[in-house]
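Next comes protein_21.cif, a file with mmCIF, C-alpha atoms and all ligand atoms.
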data_start
loop_
_atom_site.group_PDB
_atom_site.id
_atom_site.type_symbol
_atom_site.label_atom_id
_atom_site.label_comp_id
_atom_site.auth_asym_id
_atom_site.auth_seq_id
_atom_site.Cartn_x
_atom_site.Cartn_y
_atom_site.Cartn_z
ATOM 1 C CA MET A 1 55.534 83.574 32.903
ATOM 2 C CA GLU A 2 56.824 83.879 29.327
ATOM 3 C CA GLN A 3 60.526 83.245 28.944
ATOM 4 C CA LEU A 4 62.879 81.309 26.692
ATOM 5 C CA GLY A 5 63.597 77.831 27.959
ATOM 6 C CA ARG A 6 61.290 78.041 30.981
ATOM 7 C CA LYS A 7 57.971 76.310 31.393
ATOM 8 C CA PRO A 8 55.111 78.837 30.904
ATOM 9 C CA VAL A 9 52.711 76.815 33.018
ATOM 10 C CA GLY A 10 50.578 79.409 34.835
ATOM 11 C CA HIS A 11 49.201 78.118 38.139
ATOM 12 C CA PRO A 12 47.978 74.559 37.657
ATOM 13 C CA ALA A 13 45.931 72.997 40.448
ATOM 14 C CA TYR A 14 48.087 69.875 40.049
ATOM 15 C CA THR A 15 51.347 69.193 38.256
ATOM 16 C CA VAL A 16 51.804 65.499 37.561
ATOM 17 C CA ARG A 17 54.960 63.778 36.323
ATOM 18 C CA PRO A 18 53.898 60.295 35.225
ATOM 19 C CA ARG A 19 56.461 57.594 34.458
ATOM 20 C CA THR A 20 54.232 55.136 32.620
ATOM 21 C CA ASP A 21 51.432 55.281 30.041
ATOM 22 C CA GLU A 22 49.092 53.772 32.659
ATOM 23 C CA GLU A 23 49.796 56.670 35.028
ATOM 24 C CA VAL A 24 49.049 59.185 32.241
ATOM 25 C CA LEU A 25 45.772 57.389 31.539
ATOM 26 C CA GLU A 26 44.852 57.395 35.221
ATOM 27 C CA VAL A 27 45.442 61.160 35.446
ATOM 28 C CA VAL A 28 43.378 61.912 32.329
ATOM 29 C CA ARG A 29 40.505 59.757 33.583
ATOM 30 C CA TYR A 30 40.640 61.474 36.982
ATOM 31 C CA ALA A 31 40.547 64.893 35.259
ATOM 32 C CA ILE A 32 37.522 63.883 33.155
ATOM 33 C CA LYS A 33 35.683 62.746 36.303
ATOM 34 C CA ALA A 34 36.645 65.891 38.233
ATOM 35 C CA GLY A 35 35.832 68.206 35.298
ATOM 36 C CA LEU A 36 39.366 69.596 35.213
ATOM 37 C CA PRO A 37 41.166 70.739 32.064
ATOM 38 C CA VAL A 38 44.415 68.934 31.195
ATOM 39 C CA ARG A 39 47.426 70.361 29.362
ATOM 40 C CA ALA A 40 50.599 68.520 28.394
ATOM 41 C CA VAL A 41 54.016 70.119 28.552
ATOM 42 C CA GLY A 42 57.120 68.887 26.743
ATOM 43 C CA ALA A 43 60.400 70.665 27.387
ATOM 44 C CA GLY A 44 58.633 73.996 28.020
ATOM 45 C CA HIS A 45 60.456 75.905 25.269
ATOM 46 C CA SER A 46 57.294 77.650 24.047
ATOM 47 C CA PHE A 47 57.129 81.222 25.207
ATOM 48 C CA THR A 48 53.435 81.485 24.429
ATOM 49 C CA PRO A 49 50.787 80.575 27.036
ATOM 50 C CA LEU A 50 50.058 77.286 25.234
ATOM 51 C CA VAL A 51 50.463 75.085 28.267
ATOM 52 C CA GLN A 52 49.015 77.390 30.908
ATOM 53 C CA THR A 53 46.204 75.797 32.870
ATOM 54 C CA GLY A 54 44.362 76.122 36.143
ATOM 55 C CA GLY A 55 43.695 72.388 35.952
ATOM 56 C CA ILE A 56 46.148 69.513 35.598
ATOM 57 C CA LEU A 57 49.531 69.985 33.981
ATOM 58 C CA LEU A 58 51.029 66.753 32.673
ATOM 59 C CA ASP A 59 54.811 66.981 32.511
ATOM 60 C CA LEU A 60 55.790 64.130 30.197
ATOM 61 C CA ALA A 61 59.562 64.346 30.619
ATOM 62 C CA GLY A 62 59.483 60.896 32.253
ATOM 63 C CA ILE A 63 57.728 59.331 29.249
ATOM 64 C CA SER A 64 60.809 59.219 27.071
ATOM 65 C CA GLY A 65 63.104 56.995 25.039
ATOM 66 C CA ILE A 66 63.398 55.590 21.530
ATOM 67 C CA THR A 67 61.074 52.570 21.322
ATOM 68 C CA GLY A 68 62.028 51.175 17.924
ATOM 69 C CA THR A 69 63.768 51.708 14.606
ATOM 70 C CA ASP A 70 63.055 50.146 11.229
ATOM 71 C CA THR A 71 65.973 50.636 8.875
ATOM 72 C CA GLY A 72 64.180 49.041 5.915
ATOM 73 C CA ARG A 73 61.116 51.275 6.186
ATOM 74 C CA LEU A 74 63.142 54.293 7.381
ATOM 75 C CA ARG A 75 61.061 54.750 10.525
ATOM 76 C CA ALA A 76 61.739 55.502 14.189
ATOM 77 C CA ARG A 77 59.378 55.375 17.150
ATOM 78 C CA ALA A 78 59.798 57.330 20.367
ATOM 79 C CA ARG A 79 57.849 58.113 23.492
ATOM 80 C CA ALA A 80 56.336 61.598 23.567
ATOM 81 C CA GLY A 81 58.724 63.235 26.048
ATOM 82 C CA THR A 82 61.915 62.160 24.233
ATOM 83 C CA ALA A 83 64.228 65.140 23.696
ATOM 84 C CA ILE A 84 65.230 65.747 20.067
ATOM 85 C CA SER A 85 68.849 65.520 21.209
ATOM 86 C CA ASP A 86 68.211 61.923 22.325
ATOM 87 C CA PHE A 87 67.368 60.722 18.816
ATOM 88 C CA GLY A 88 70.902 61.056 17.414
ATOM 89 C CA GLU A 89 72.806 58.095 18.831
ATOM 90 C CA PRO A 90 70.179 55.317 18.735
ATOM 91 C CA LEU A 91 69.165 56.274 15.209
ATOM 92 C CA TRP A 92 72.785 56.479 14.082
ATOM 93 C CA ASN A 93 73.456 53.020 15.504
ATOM 94 C CA ALA A 94 70.546 51.738 13.410
ATOM 95 C CA GLY A 95 71.905 53.434 10.258
ATOM 96 C CA LEU A 96 69.368 56.264 10.464
ATOM 97 C CA SER A 97 69.200 60.034 11.084
ATOM 98 C CA LEU A 98 66.449 62.573 11.575
ATOM 99 C CA THR A 99 65.782 64.070 8.147
ATOM 100 C CA ASN A 100 65.709 67.621 9.459
ATOM 101 C CA GLN A 101 65.782 69.580 12.701
ATOM 102 C CA GLY A 102 66.107 73.162 13.912
ATOM 103 C CA ASP A 103 69.029 74.845 15.593
ATOM 104 C CA ILE A 104 67.852 73.913 19.111
ATOM 105 C CA ASP A 105 67.487 70.259 20.124
ATOM 106 C CA LYS A 106 66.157 70.563 23.679
ATOM 107 C CA GLN A 107 62.476 70.257 22.733
ATOM 108 C CA ALA A 108 60.442 67.130 23.448
ATOM 109 C CA ILE A 109 59.403 65.399 20.225
ATOM 110 C CA ALA A 110 55.688 65.792 21.106
ATOM 111 C CA GLY A 111 56.173 69.532 21.667
ATOM 112 C CA ALA A 112 58.060 69.887 18.384
ATOM 113 C CA LEU A 113 55.383 67.942 16.477
ATOM 114 C CA SER A 114 52.574 69.885 18.104
ATOM 115 C CA THR A 115 53.960 73.293 17.108
ATOM 116 C CA GLY A 116 55.333 72.746 13.586
ATOM 117 C CA THR A 117 58.940 73.029 14.732
ATOM 118 C CA HIS A 118 61.196 73.022 11.685
ATOM 119 C CA GLY A 119 64.726 73.400 10.443
ATOM 120 C CA SER A 120 65.910 75.090 7.250
ATOM 121 C CA GLY A 121 66.306 73.679 3.734
ATOM 122 C CA VAL A 122 63.836 74.337 0.928
ATOM 123 C CA GLU A 123 63.537 70.639 0.101
ATOM 124 C CA LEU A 124 62.950 69.549 3.716
ATOM 125 C CA GLY A 125 59.801 69.480 5.819
ATOM 126 C CA SER A 126 59.061 70.144 9.472
ATOM 127 C CA PHE A 127 58.922 67.488 12.217
ATOM 128 C CA SER A 128 55.144 67.431 11.732
ATOM 129 C CA SER A 129 55.522 66.480 8.085
ATOM 130 C CA ALA A 130 57.489 63.381 9.192
ATOM 131 C CA LEU A 131 54.746 62.099 11.536
ATOM 132 C CA ARG A 132 53.434 58.711 10.339
ATOM 133 C CA TRP A 133 51.742 57.203 13.405
ATOM 134 C CA ALA A 134 50.841 58.184 16.963
ATOM 135 C CA ARG A 135 49.364 56.643 20.084
ATOM 136 C CA LEU A 136 47.483 59.093 22.248
ATOM 137 C CA ILE A 137 44.844 59.480 24.933
ATOM 138 C CA ASN A 138 41.727 61.198 23.622
ATOM 139 C CA GLY A 139 39.216 63.362 25.483
ATOM 140 C CA HIS A 140 37.152 60.307 26.447
ATOM 141 C CA GLY A 141 40.043 58.811 28.384
ATOM 142 C CA GLU A 142 40.770 56.165 25.741
ATOM 143 C CA ILE A 143 44.091 55.167 24.213
ATOM 144 C CA VAL A 144 43.779 55.385 20.417
ATOM 145 C CA GLU A 145 46.178 54.908 17.523
ATOM 146 C CA ILE A 146 46.220 57.051 14.431
ATOM 147 C CA GLY A 147 48.248 56.419 11.310
ATOM 148 C CA GLU A 148 48.507 56.469 7.561
ATOM 149 C CA HIS A 149 45.292 54.427 7.205
ATOM 150 C CA ASP A 150 43.396 57.647 8.092
ATOM 151 C CA LEU A 151 45.178 60.691 6.730
ATOM 152 C CA ARG A 152 42.467 63.021 8.028
ATOM 153 C CA GLU A 153 43.270 62.004 11.622
ATOM 154 C CA LEU A 154 47.008 61.957 10.991
ATOM 155 C CA LYS A 155 46.923 65.484 9.611
ATOM 156 C CA ALA A 156 44.907 66.622 12.636
ATOM 157 C CA ALA A 157 47.734 65.378 14.853
ATOM 158 C CA GLN A 158 50.280 67.495 12.978
ATOM 159 C CA VAL A 159 50.542 70.887 14.711
ATOM 160 C CA ALA A 160 47.618 70.184 17.072
ATOM 161 C CA LEU A 161 49.014 72.487 19.799
ATOM 162 C CA GLY A 162 48.082 69.911 22.415
ATOM 163 C CA THR A 163 44.362 70.069 21.580
ATOM 164 C CA LEU A 164 43.865 66.596 20.088
ATOM 165 C CA GLY A 165 44.813 64.598 23.170
ATOM 166 C CA ILE A 166 47.879 63.519 25.110
ATOM 167 C CA LEU A 167 50.507 62.028 22.801
ATOM 168 C CA LEU A 168 52.211 58.966 24.308
ATOM 169 C CA GLU A 169 54.302 57.628 21.435
ATOM 170 C CA VAL A 170 55.000 58.715 17.862
ATOM 171 C CA GLU A 171 56.545 57.308 14.690
ATOM 172 C CA LEU A 172 58.566 59.466 12.318
ATOM 173 C CA ALA A 173 59.772 58.952 8.771
ATOM 174 C CA VAL A 174 63.576 59.292 8.951
ATOM 175 C CA SER A 175 66.550 59.132 6.543
ATOM 176 C CA PRO A 176 69.521 56.845 6.025
ATOM 177 C CA ARG A 177 72.255 58.264 8.270
ATOM 178 C CA TYR A 178 74.380 61.073 6.858
ATOM 179 C CA HIS A 179 77.086 63.549 7.851
ATOM 180 C CA LEU A 180 76.870 67.319 7.453
ATOM 181 C CA ALA A 181 79.707 69.780 7.019
ATOM 182 C CA GLU A 182 78.941 73.124 8.641
ATOM 183 C CA GLN A 183 80.317 76.366 7.273
ATOM 184 C CA ILE A 184 79.893 79.584 9.227
ATOM 185 C CA THR A 185 80.878 82.861 7.559
ATOM 186 C CA TYR A 186 80.220 86.530 8.263
ATOM 187 C CA PRO A 187 79.199 88.231 5.017
ATOM 188 C CA THR A 188 77.903 91.758 4.747
ATOM 189 C CA TRP A 189 74.198 92.289 4.233
ATOM 190 C CA SER A 190 74.710 93.142 0.548
ATOM 191 C CA GLU A 191 76.732 89.948 0.056
ATOM 192 C CA THR A 192 73.956 87.997 1.778
ATOM 193 C CA VAL A 193 71.373 89.469 -0.612
ATOM 194 C CA ALA A 194 73.570 88.997 -3.688
ATOM 195 C CA ASN A 195 74.159 85.285 -2.921
ATOM 196 C CA TRP A 196 70.663 84.555 -1.629
ATOM 197 C CA ASP A 197 69.352 82.360 -4.475
ATOM 198 C CA ALA A 198 72.636 80.497 -4.929
ATOM 199 C CA ASP A 199 73.024 79.859 -1.187
ATOM 200 C CA ILE A 200 69.498 78.499 -0.856
ATOM 201 C CA ALA A 201 69.802 76.327 -3.955
ATOM 202 C CA GLY A 202 73.354 75.147 -3.294
ATOM 203 C CA ASN A 203 73.077 73.995 0.309
ATOM 204 C CA ARG A 204 71.087 71.324 2.102
ATOM 205 C CA HIS A 205 70.469 73.906 4.824
ATOM 206 C CA TYR A 206 70.955 77.616 4.673
ATOM 207 C CA SER A 207 70.110 80.252 7.251
ATOM 208 C CA PHE A 208 71.316 83.655 8.199
ATOM 209 C CA LEU A 209 70.906 85.499 11.437
ATOM 210 C CA TRP A 210 71.192 89.119 12.345
ATOM 211 C CA CYS A 211 73.313 89.120 15.467
ATOM 212 C CA GLN A 212 72.497 92.385 17.089
ATOM 213 C CA GLY A 213 74.610 91.969 20.201
ATOM 214 C CA GLU A 214 77.091 89.667 21.873
ATOM 215 C CA GLU A 215 74.256 87.744 23.530
ATOM 216 C CA SER A 216 72.915 86.886 20.066
ATOM 217 C CA ALA A 217 76.026 84.842 19.312
ATOM 218 C CA GLY A 218 75.680 83.013 22.628
ATOM 219 C CA LEU A 219 71.991 82.297 22.020
ATOM 220 C CA TYR A 220 72.785 80.633 18.727
ATOM 221 C CA GLU A 221 75.986 79.065 20.046
ATOM 222 C CA LEU A 222 77.969 80.842 17.316
ATOM 223 C CA PRO A 223 81.636 81.665 17.570
ATOM 224 C CA THR A 224 82.245 85.420 17.711
ATOM 225 C CA PRO A 225 84.159 86.561 14.621
ATOM 226 C CA ARG A 226 87.541 88.271 14.875
ATOM 227 C CA GLY A 227 87.263 91.935 15.819
ATOM 228 C CA ASN A 228 84.089 91.348 17.871
ATOM 229 C CA PRO A 229 81.824 93.558 15.711
ATOM 230 C CA TRP A 230 78.973 93.203 18.195
ATOM 231 C CA SER A 231 80.556 95.107 21.033
ATOM 232 C CA THR A 232 79.139 98.420 19.760
ATOM 233 C CA ALA A 233 75.650 97.071 19.018
ATOM 234 C CA ALA A 234 72.915 99.699 19.096
ATOM 235 C CA THR A 235 69.371 99.063 20.298
ATOM 236 C CA PRO A 236 66.987 99.107 17.325
ATOM 237 C CA SER A 237 63.722 100.997 17.690
ATOM 238 C CA ALA A 238 60.466 99.534 16.430
ATOM 239 C CA THR A 239 60.478 101.939 13.489
ATOM 240 C CA THR A 240 64.050 101.285 12.367
ATOM 241 C CA PRO A 241 64.191 99.139 9.231
ATOM 242 C CA TRP A 242 66.109 96.088 10.396
ATOM 243 C CA THR A 243 68.297 95.945 7.331
ATOM 244 C CA SER A 244 69.684 99.366 8.111
ATOM 245 C CA MET A 245 70.913 98.075 11.446
ATOM 246 C CA LYS A 246 73.361 95.846 9.632
ATOM 247 C CA ALA A 247 76.849 97.098 9.056
ATOM 248 C CA PRO A 248 79.628 95.663 6.925
ATOM 249 C CA ILE A 249 81.840 93.424 9.037
ATOM 250 C CA SER A 250 84.078 92.100 6.324
ATOM 251 C CA PRO A 251 86.903 92.545 5.628
ATOM 252 C CA ALA A 252 87.195 94.963 8.590
ATOM 253 C CA PRO A 253 84.552 94.043 11.202
ATOM 254 C CA ARG A 254 82.877 97.046 12.831
ATOM 255 C CA GLY A 255 79.477 98.649 13.282
ATOM 256 C CA PRO A 256 76.234 98.011 15.111
ATOM 257 C CA GLY A 257 75.243 94.613 13.737
ATOM 258 C CA ALA A 258 76.509 91.501 12.025
ATOM 259 C CA THR A 259 74.989 88.773 9.896
ATOM 260 C CA ALA A 260 76.092 85.236 10.633
ATOM 261 C CA HIS A 261 75.756 82.952 7.660
ATOM 262 C CA ILE A 262 75.420 79.219 8.229
ATOM 263 C CA ALA A 263 75.391 76.834 5.286
ATOM 264 C CA PHE A 264 75.325 73.069 5.454
ATOM 265 C CA THR A 265 76.261 70.784 2.603
ATOM 266 C CA PRO A 266 76.233 66.990 2.721
ATOM 267 C CA ALA A 267 79.667 65.565 3.511
ATOM 268 C CA ALA A 268 81.071 62.159 2.683
ATOM 269 C CA SER A 269 80.388 59.647 5.451
HETATM 270 C C1 LIG B 1 65.524 79.218 22.049
HETATM 271 C C2 LIG B 1 64.498 78.592 21.140
HETATM 272 C C3 LIG B 1 64.878 78.189 19.865
HETATM 273 C C4 LIG B 1 63.954 77.619 19.003
HETATM 274 N N1 LIG B 1 64.370 77.226 17.755
HETATM 275 C C5 LIG B 1 63.451 76.755 16.886
HETATM 276 C C6 LIG B 1 63.823 76.363 15.557
HETATM 277 O O1 LIG B 1 64.981 76.382 15.171
HETATM 278 N N2 LIG B 1 62.859 75.949 14.732
HETATM 279 C C7 LIG B 1 61.551 75.933 15.112
HETATM 280 O O2 LIG B 1 60.709 75.595 14.309
HETATM 281 N N3 LIG B 1 61.170 76.255 16.370
HETATM 282 C C8 LIG B 1 62.084 76.655 17.242
HETATM 283 N N4 LIG B 1 61.684 76.996 18.505
HETATM 284 C C9 LIG B 1 60.309 76.796 18.908
HETATM 285 C C10 LIG B 1 60.167 75.448 19.643
HETATM 286 O O3 LIG B 1 60.611 74.403 18.815
HETATM 287 C C11 LIG B 1 58.709 75.240 19.991
HETATM 288 O O4 LIG B 1 58.394 76.234 20.937
HETATM 289 C C12 LIG B 1 58.434 73.821 20.569
HETATM 290 O O5 LIG B 1 57.076 73.672 20.794
HETATM 291 C C13 LIG B 1 59.099 73.579 21.857
HETATM 292 O O6 LIG B 1 58.930 72.193 22.237
HETATM 293 P P1 LIG B 1 58.654 71.839 23.744
HETATM 294 O O7 LIG B 1 58.941 70.400 23.955
HETATM 295 O O8 LIG B 1 59.330 72.793 24.640
HETATM 296 O O9 LIG B 1 57.067 72.044 23.770
HETATM 297 P P2 LIG B 1 56.201 72.791 24.894
HETATM 298 O O10 LIG B 1 56.483 74.240 24.846
HETATM 299 O O11 LIG B 1 56.326 72.106 26.205
HETATM 300 O O12 LIG B 1 54.747 72.518 24.295
HETATM 301 C C14 LIG B 1 54.391 73.011 23.028
HETATM 302 C C15 LIG B 1 53.000 72.490 22.654
HETATM 303 O O13 LIG B 1 53.041 71.064 22.544
HETATM 304 C C16 LIG B 1 52.041 70.485 23.368
HETATM 305 N N5 LIG B 1 52.545 69.202 23.868
HETATM 306 C C17 LIG B 1 53.712 68.942 24.471
HETATM 307 N N6 LIG B 1 53.791 67.644 24.802
HETATM 308 C C18 LIG B 1 52.641 67.062 24.374
HETATM 309 C C19 LIG B 1 52.107 65.750 24.419
HETATM 310 N N7 LIG B 1 52.779 64.728 24.972
HETATM 311 N N8 LIG B 1 50.880 65.529 23.886
HETATM 312 C C20 LIG B 1 50.169 66.530 23.325
HETATM 313 N N9 LIG B 1 50.606 67.799 23.256
HETATM 314 C C21 LIG B 1 51.827 68.057 23.772
HETATM 315 C C22 LIG B 1 51.817 71.480 24.492
HETATM 316 O O14 LIG B 1 50.558 71.316 25.107
HETATM 317 C C23 LIG B 1 51.914 72.794 23.717
HETATM 318 O O15 LIG B 1 50.719 73.084 23.074
HETATM 319 C C24 LIG B 1 62.600 77.497 19.405
HETATM 320 C C25 LIG B 1 62.207 77.909 20.698
HETATM 321 C C26 LIG B 1 63.138 78.443 21.557
HETATM 322 C C27 LIG B 1 62.696 78.858 22.928
#

Would you write the structure of this file as structure tokens?
Amino acid sequence: MEQLGRKPVGHPAYTVRPRTDEEVLEVVRYAIKAGLPVRAVGAGHSFTPLVQTGGILLDLAGISGITGTDTGRLRARARAGTAISDFGEPLWNAGLSLTNQGDIDKQAIAGALSTGTHGSGVELGSFSSALRWARLINGHGEIVEIGEHDLRELKAAQVALGTLGILLEVELAVSPRYHLAEQITYPTWSETVANWDADIAGNRHYSFLWCQGEESAGLYELPTPRGNPWSTAATPSATTPWTSMKAPISPAPRGPGATAHIAFTPAAS
């Protein structure tokens, strides 16, 4: 199975949903004894066969929650299955915010760290780049901690695709809390190109999306611009240059495609 937002799990012999670290450890030790492979799954947003296994699938959704914040050191700890969307409030209450994130916040933090999940912003790194410490179960069935005292190990845990062990808890470098003002506009493709350098340099975040059809707006939770320029969207062929599928939508929206332009600039708190 390979689909957005569904768990591509294959046909595991066992699916286990532990609620405590001890239960995770017990499962890993059982798998080692039985000679079974183990894969961890976060929110299941990957549409690659990364978590498929004929062995034991560990669904870590129950291993979740923020476990600590340190406002002085700008750090936050969370259990591996914590959804990105669950970081906002507890961090805010501690005067902190995630430094960066992508446009979807349903992923588990361990899944996001393991795949290099990122947001936009030329000055900002991915989730993996914010990893400072982790507690995990290794292939010998032992709980180990890795951190800044051994950068070689820490770097191995960044974008490990689930191969290094089962992450139980992680610590991220975070930022003092901040507000963002979001601006969504619908420029033409030539306007997008003309303003490219200035938009990237002048915004904390900048991204643009080719919205080929009405579903594209829904996928990105974008408002549909006046005139609904996507209602006549054509299906691009593999050989069609994608830029040519764009049509001017401003000032009179029409044509087969539209570019949504999202720019974020820091706002006063
Ligand atoms: C609609 C959609 C929008 C997206 N938007 C963005 C975006 O804006 N920016 C971006 O960079 N990416 C984006 N992605 C990609 C997404 O962030 C990655 O697919 C991410 O891995 C999903 O996290 P997850 O919790 O679903 O991980 P899963 O798919 O469940 O797992 C991913 C990997 O992490 C491993 N893993 C999970 N939990 C653990 C654990 N506890 N210990 C060890 N390994 C573990 C798994 O074994 C697997 O290898 C998007 C994906 C979708 C479907």

ask   = the PyMOL selection byres (((not hetatm)) within 7 of (chain B and resi 1)) on the file shown: which residues, as a count of residues only?
value = 39

key: Among the residues A:Lys155, A:His140, A:Arg204, A:Lys33, the one that comes closest to Thr99 (chain A) [using all atoms listed in the file]   = A:Arg204

ask   = On this structure, which residues satisfy the PyMOL selection byres (((chain A and resi 74) around 9) and not hetatm), written as a ChimeraX atom specification?
value = /A:69-73,75-76,96,172-176

query = Suppose you want the space between CA of Gly139 (chain A) and CA of Ile63 (chain A); what is it in Å?
reply = 19.3 Å

Atom pair CA of Arg17 (chain A) / CA of Thr53 (chain A): separation (Å) =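 For CA of Arg17 (chain A) relative to CA of Thr53 (chain A), the distance reads 15.3 Å.
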
query = Using only C-alpha atoms, which residue out of A:Val193, A:Val28, A:Ala134, A:Ala156 lies closest to Glu169 (chain A)?
reply =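 The answer is A:Ala134, which sits nearest to Glu169 (chain A).
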
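The interatomic distance for the pair CA of Thr15 (chain A) and CA of Val38 (chain A) works out to 9.9 Å.
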
request  = May I ask which of the residues A:Gly55, A:Pro187, A:Pro12, A:Gly68 is the closest one to Leu91 (chain A), counting all atoms listed in the file?
outcome  =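 Closest to Leu91 (chain A) of all the choices is A:Gly68.
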
task = Would you please work out which residue, of A:Leu25, A:Val16, A:Ala198, A:Ile56, is nearest to Val144 (chain A) when using all atoms listed in the file?
result =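 Closest to Val144 (chain A), using all atoms listed in the file: A:Leu25.
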
Would you place a box with edges along x, y and z of the file around all atoms of region 184-201 of chain A listed there, add 8 Å to each of its six sides, and report the centre and edge lengths in Å to one decimal, as JSON?
{"center_x": 75.1, "center_y": 84.7, "center_z": 2.1, "size_x": 27.5, "size_y": 32.8, "size_z": 30.2}

query = Hey, which of A:Asp105, A:Glu148, A:Glu182, A:Glu142 ends up closest to His205 (chain A)? Count all atoms listed in the file.
reply =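 Nearest candidate to His205 (chain A) out of A:Asp105, A:Glu148, A:Glu182, A:Glu142: A:Glu182.
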
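Ranking A:Gly95, A:Leu151, A:Leu136, A:Tyr30 by their shortest atom-to-atom distance to His179 (chain A), with only C-alpha atoms included, puts A:Gly95 first.
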